[in-house]
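Enquirer: This is final_21.cif (mmCIF, C-alpha atoms, pLDDT in the B column; chains and numbers go by the auth columns).
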```cif
data_my_file
#
loop_
_atom_site.group_PDB
_atom_site.id
_atom_site.type_symbol
_atom_site.label_atom_id
_atom_site.label_comp_id
_atom_site.label_asym_id
_atom_site.label_seq_id
_atom_site.Cartn_x
_atom_site.Cartn_y
_atom_site.Cartn_z
_atom_site.B_iso_or_equiv
_atom_site.auth_seq_id
_atom_site.auth_asym_id
ATOM 1 C CA MET A 1 -37.967 -25.373 8.544 59.00 20 A
ATOM 2 C CA HIS A 2 -34.790 -24.047 10.081 71.00 21 A
ATOM 3 C CA ASN A 3 -34.175 -20.382 10.672 72.00 22 A
ATOM 4 C CA VAL A 4 -31.228 -19.846 8.318 69.00 23 A
ATOM 5 C CA THR A 5 -29.837 -16.508 7.246 65.00 24 A
ATOM 6 C CA PRO A 6 -27.797 -16.411 4.035 63.00 25 A
ATOM 7 C CA LEU A 7 -24.257 -15.075 4.283 59.00 26 A
ATOM 8 C CA LEU A 8 -24.932 -12.411 1.670 62.00 27 A
ATOM 9 C CA ALA A 9 -27.423 -10.714 3.982 52.00 28 A
ATOM 10 C CA ARG A 10 -24.721 -10.075 6.591 53.00 29 A
ATOM 11 C CA LYS A 11 -22.394 -7.579 4.969 57.00 30 A
ATOM 12 C CA ASN A 12 -19.472 -6.286 6.920 58.00 31 A
ATOM 13 C CA ASN A 13 -19.512 -2.486 6.820 56.00 32 A
ATOM 14 C CA SER A 14 -15.970 -2.090 8.170 55.00 33 A
ATOM 15 C CA ASP A 15 -14.476 -3.552 4.971 53.00 34 A
ATOM 16 C CA GLN A 16 -16.181 -0.913 2.870 55.00 35 A
ATOM 17 C CA GLU A 17 -15.036 1.906 5.178 53.00 36 A
ATOM 18 C CA ASP A 18 -11.408 0.789 5.032 50.00 37 A
ATOM 19 C CA ARG A 19 -11.393 0.928 1.253 56.00 38 A
ATOM 20 C CA VAL A 20 -12.970 4.358 1.193 65.00 39 A
ATOM 21 C CA TRP A 21 -10.154 6.051 3.116 68.00 40 A
ATOM 22 C CA SER A 22 -7.245 4.469 1.263 86.00 41 A
ATOM 23 C CA PHE A 23 -7.766 6.449 -1.951 90.00 42 A
ATOM 24 C CA PRO A 24 -7.776 9.958 -0.433 92.00 43 A
ATOM 25 C CA GLY A 25 -4.754 8.974 1.646 92.00 44 A
ATOM 26 C CA GLY A 26 -2.901 7.886 -1.475 94.00 45 A
ATOM 27 C CA VAL A 27 -3.766 11.130 -3.242 95.00 46 A
ATOM 28 C CA ILE A 28 -2.597 13.119 -0.213 96.00 47 A
ATOM 29 C CA GLY A 29 0.679 11.162 -0.223 96.00 48 A
ATOM 30 C CA PHE A 30 1.172 11.827 -3.932 97.00 49 A
ATOM 31 C CA VAL A 31 0.522 15.554 -3.545 97.00 50 A
ATOM 32 C CA SER A 32 2.789 15.691 -0.473 97.00 51 A
ATOM 33 C CA TYR A 33 5.615 14.190 -2.517 97.00 52 A
ATOM 34 C CA TRP A 34 5.368 16.939 -5.148 96.00 53 A
ATOM 35 C CA ILE A 35 5.198 19.636 -2.502 96.00 54 A
ATOM 36 C CA ALA A 36 8.283 18.211 -0.807 95.00 55 A
ATOM 37 C CA LEU A 37 10.043 18.091 -4.199 93.00 56 A
ATOM 38 C CA ALA A 38 9.302 21.780 -4.756 94.00 57 A
ATOM 39 C CA ILE A 39 10.848 22.927 -1.462 93.00 58 A
ATOM 40 C CA PRO A 40 14.531 22.572 -2.538 90.00 59 A
ATOM 41 C CA PHE A 41 13.737 24.475 -5.729 92.00 60 A
ATOM 42 C CA LEU A 42 12.235 27.287 -3.683 94.00 61 A
ATOM 43 C CA LEU A 43 15.219 27.405 -1.334 91.00 62 A
ATOM 44 C CA TYR A 44 18.153 26.872 -3.705 89.00 63 A
ATOM 45 C CA GLY A 45 16.772 27.896 -7.081 91.00 64 A
ATOM 46 C CA SER A 46 17.487 26.312 -10.438 88.00 65 A
ATOM 47 C CA ASN A 47 20.824 24.792 -9.329 88.00 66 A
ATOM 48 C CA THR A 48 18.787 22.113 -7.608 89.00 67 A
ATOM 49 C CA LEU A 49 17.913 20.742 -11.034 90.00 68 A
ATOM 50 C CA PHE A 50 21.552 19.792 -11.689 90.00 69 A
ATOM 51 C CA PHE A 51 21.756 18.071 -8.316 89.00 70 A
ATOM 52 C CA LEU A 52 18.561 16.118 -8.975 88.00 71 A
ATOM 53 C CA LEU A 53 19.807 15.181 -12.440 90.00 72 A
ATOM 54 C CA TYR A 54 22.303 12.760 -10.892 90.00 73 A
ATOM 55 C CA THR A 55 20.348 11.690 -7.820 92.00 74 A
ATOM 56 C CA TRP A 56 16.824 11.286 -9.242 92.00 75 A
ATOM 57 C CA PRO A 57 16.534 7.515 -8.508 93.00 76 A
ATOM 58 C CA PHE A 58 16.829 8.182 -4.781 93.00 77 A
ATOM 59 C CA PHE A 59 14.095 10.784 -4.856 93.00 78 A
ATOM 60 C CA LEU A 60 11.911 8.726 -7.171 95.00 79 A
ATOM 61 C CA ALA A 61 12.078 5.885 -4.650 95.00 80 A
ATOM 62 C CA LEU A 62 10.347 8.167 -2.142 96.00 81 A
ATOM 63 C CA LEU A 63 7.212 8.422 -4.300 96.00 82 A
ATOM 64 C CA PRO A 64 5.709 5.009 -3.424 96.00 83 A
ATOM 65 C CA VAL A 65 6.813 5.509 0.179 97.00 84 A
ATOM 66 C CA ALA A 66 4.938 8.819 0.280 97.00 85 A
ATOM 67 C CA VAL A 67 1.804 7.228 -1.154 97.00 86 A
ATOM 68 C CA LEU A 68 1.981 4.386 1.384 96.00 87 A
ATOM 69 C CA ILE A 69 2.463 6.865 4.217 96.00 88 A
ATOM 70 C CA GLY A 70 -0.620 8.744 3.046 95.00 89 A
ATOM 71 C CA ILE A 71 -2.637 5.528 2.870 94.00 90 A
ATOM 72 C CA ALA A 72 -1.439 4.448 6.319 94.00 91 A
ATOM 73 C CA PHE A 73 -2.346 7.762 7.926 94.00 92 A
ATOM 74 C CA GLY A 74 -5.655 7.779 6.063 92.00 93 A
ATOM 75 C CA LEU A 75 -6.542 4.349 7.439 91.00 94 A
ATOM 76 C CA LEU A 76 -5.311 5.098 10.947 92.00 95 A
ATOM 77 C CA LEU A 77 -7.185 8.387 11.230 90.00 96 A
ATOM 78 C CA ARG A 78 -10.376 7.197 9.432 85.00 97 A
ATOM 79 C CA GLY A 79 -11.877 10.146 7.695 75.00 98 A
ATOM 80 C CA GLN A 80 -10.018 12.964 9.359 89.00 99 A
ATOM 81 C CA LEU A 81 -8.575 14.337 6.146 91.00 100 A
ATOM 82 C CA ILE A 82 -7.106 17.482 7.690 94.00 101 A
ATOM 83 C CA TRP A 83 -4.995 15.478 10.140 95.00 102 A
ATOM 84 C CA THR A 84 -4.080 13.006 7.416 95.00 103 A
ATOM 85 C CA LEU A 85 -2.958 15.865 5.201 95.00 104 A
ATOM 86 C CA LEU A 86 -0.909 17.545 7.929 96.00 105 A
ATOM 87 C CA LEU A 87 0.782 14.381 9.205 97.00 106 A
ATOM 88 C CA THR A 88 1.515 13.056 5.715 97.00 107 A
ATOM 89 C CA LEU A 89 2.891 16.379 4.528 97.00 108 A
ATOM 90 C CA PHE A 90 5.105 16.682 7.603 98.00 109 A
ATOM 91 C CA THR A 91 6.380 13.090 7.406 97.00 110 A
ATOM 92 C CA VAL A 92 7.059 13.121 3.654 97.00 111 A
ATOM 93 C CA THR A 93 8.765 16.515 3.861 96.00 112 A
ATOM 94 C CA CYS A 94 10.988 15.266 6.685 97.00 113 A
ATOM 95 C CA LEU A 95 11.910 12.134 4.726 96.00 114 A
ATOM 96 C CA PHE A 96 12.589 14.152 1.602 94.00 115 A
ATOM 97 C CA TRP A 97 14.698 16.689 3.477 92.00 116 A
ATOM 98 C CA LEU A 98 16.591 13.904 5.282 95.00 117 A
ATOM 99 C CA LEU A 99 17.493 12.307 1.939 94.00 118 A
ATOM 100 C CA PHE A 100 18.397 15.669 0.420 90.00 119 A
ATOM 101 C CA SER A 101 20.645 16.521 3.381 91.00 120 A
ATOM 102 C CA TRP A 102 22.264 13.097 3.342 93.00 121 A
ATOM 103 C CA LEU A 103 23.054 13.291 -0.383 91.00 122 A
ATOM 104 C CA THR A 104 24.422 16.834 -0.173 87.00 123 A
ATOM 105 C CA GLY A 105 26.633 15.870 2.749 87.00 124 A
ATOM 106 C CA TRP A 106 25.313 18.315 5.331 67.00 125 A
#
```
Output the structure of this file as structure tokens.

Expert:
Amino acid sequence: MHNVTPLLARKNNSDQEDRVWSFPGGVIGFVSYWIALAIPFLLYGSNTLFFLLYTWPFFLALLPVAVLIGIAFGLLLRGQLIWTLLLTLFTVTCLFWLLFSWLTGW
């Protein structure tokens, strides 16, 4: 009889770890998007609503980008949620502010 080990006995643990950190990264990206959306309202008040009324597709396009950035940082930093949160929040806020500045013509 040959010494044969079935393939099911050898599970790869790295695949399971990669999937675990993608969800919190996506949630962090989603929350970072809403925080970045709130910053112009805090700075400029309710007049920002009229500006966003005409430019909402540009800002809506940043939502999946923010989620992907959160997932990417979550996978790159593997379990370091504080660093993932800080880097994602900084990156998404910079992207949001860059788009806001570009559309306002500053």

Enquirer: Given the point (6.2, 10.1, 8.6) in the file's coordinates, find the residues that have an atom at most 12 Å from it, counting only C-alpha atoms, and give them as a list in words.

Expert: Gly48, Ser51, Tyr52, Leu81, Val84, Ala85, Val86, Leu87, Ile88, Gly89, Ile90, Ala91, Phe92, Thr103, Leu104, Leu105, Leu106, Thr107, Leu108, Phe109, Thr110, Val111, Thr112, Cys113, Leu114, Phe115, Trp116 and Leu117 of chain A

Enquirer: Determine the nearest neighbour of Phe77 (chain A) from the options A:Ser65, A:Ile58, A:Phe119, A:Gly124, counting all atoms listed in the file.

Expert: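 Of the candidates, the smallest distance to Phe77 (chain A) is held by A:Phe119.
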
Enquirer: Using only C-alpha atoms, can you tell me which of A:Asn22, A:Ser41, A:Thr74, A:Thr67 comes closest to Leu96 (chain A)?

Expert: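 Ranked by minimum distance to Leu96 (chain A), first place goes to A:Ser41.
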
Enquirer: Report, in Å with one decimal, the straight-line distance from CA of Ser120 (chain A) to CA of Leu68 (chain A).

Expert: 15.3 Å

Enquirer: Build an axis-aligned box that encloses every atom of region 77-88 of chain A listed in the file, pad it by 5 Å on each side, and report its centre and edge lengths in Å to one decimal, as JSON.

Expert:
```
{"center_x": 9.3, "center_y": 7.6, "center_z": -1.5, "size_x": 25.0, "size_y": 16.4, "size_z": 21.4}
```

Enquirer: Calculated over only C-alpha atoms, which of the candidates A:Phe70, A:Trp75, A:Phe42, A:Leu82 has the smallest distance to Ile54 (chain A)?

Expert: A:Leu82

Enquirer: Kindly indicate which residue among A:Leu71, A:Leu100, A:Leu122, A:Leu95 lies nearest to Ile47 (chain A), using all atoms listed in the file for the distances.

Expert: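 Ranked by minimum distance to Ile47 (chain A), first place goes to A:Leu100.
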
Enquirer: For Ala55 (chain A), which of A:Thr123, A:Phe78, A:Gly93, A:Pro43 is the closest residue, counting only C-alpha atoms?

Expert: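 Under the stated criterion, the closest residue is A:Phe78.
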
Enquirer: Could you tell me how far CA of Ala80 (chain A) lies from CA of Ile101 (chain A), in Å and to one decimal?

Expert: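 Distance between the two atoms: 25.6 Å.
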
Enquirer: What is the distance, in Å and to one decimal place, between CA of Val50 (chain A) and CA of Gly98 (chain A)?

Expert: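 So the two atoms, CA of Val50 (chain A) and CA of Gly98 (chain A), lie 17.6 Å apart.
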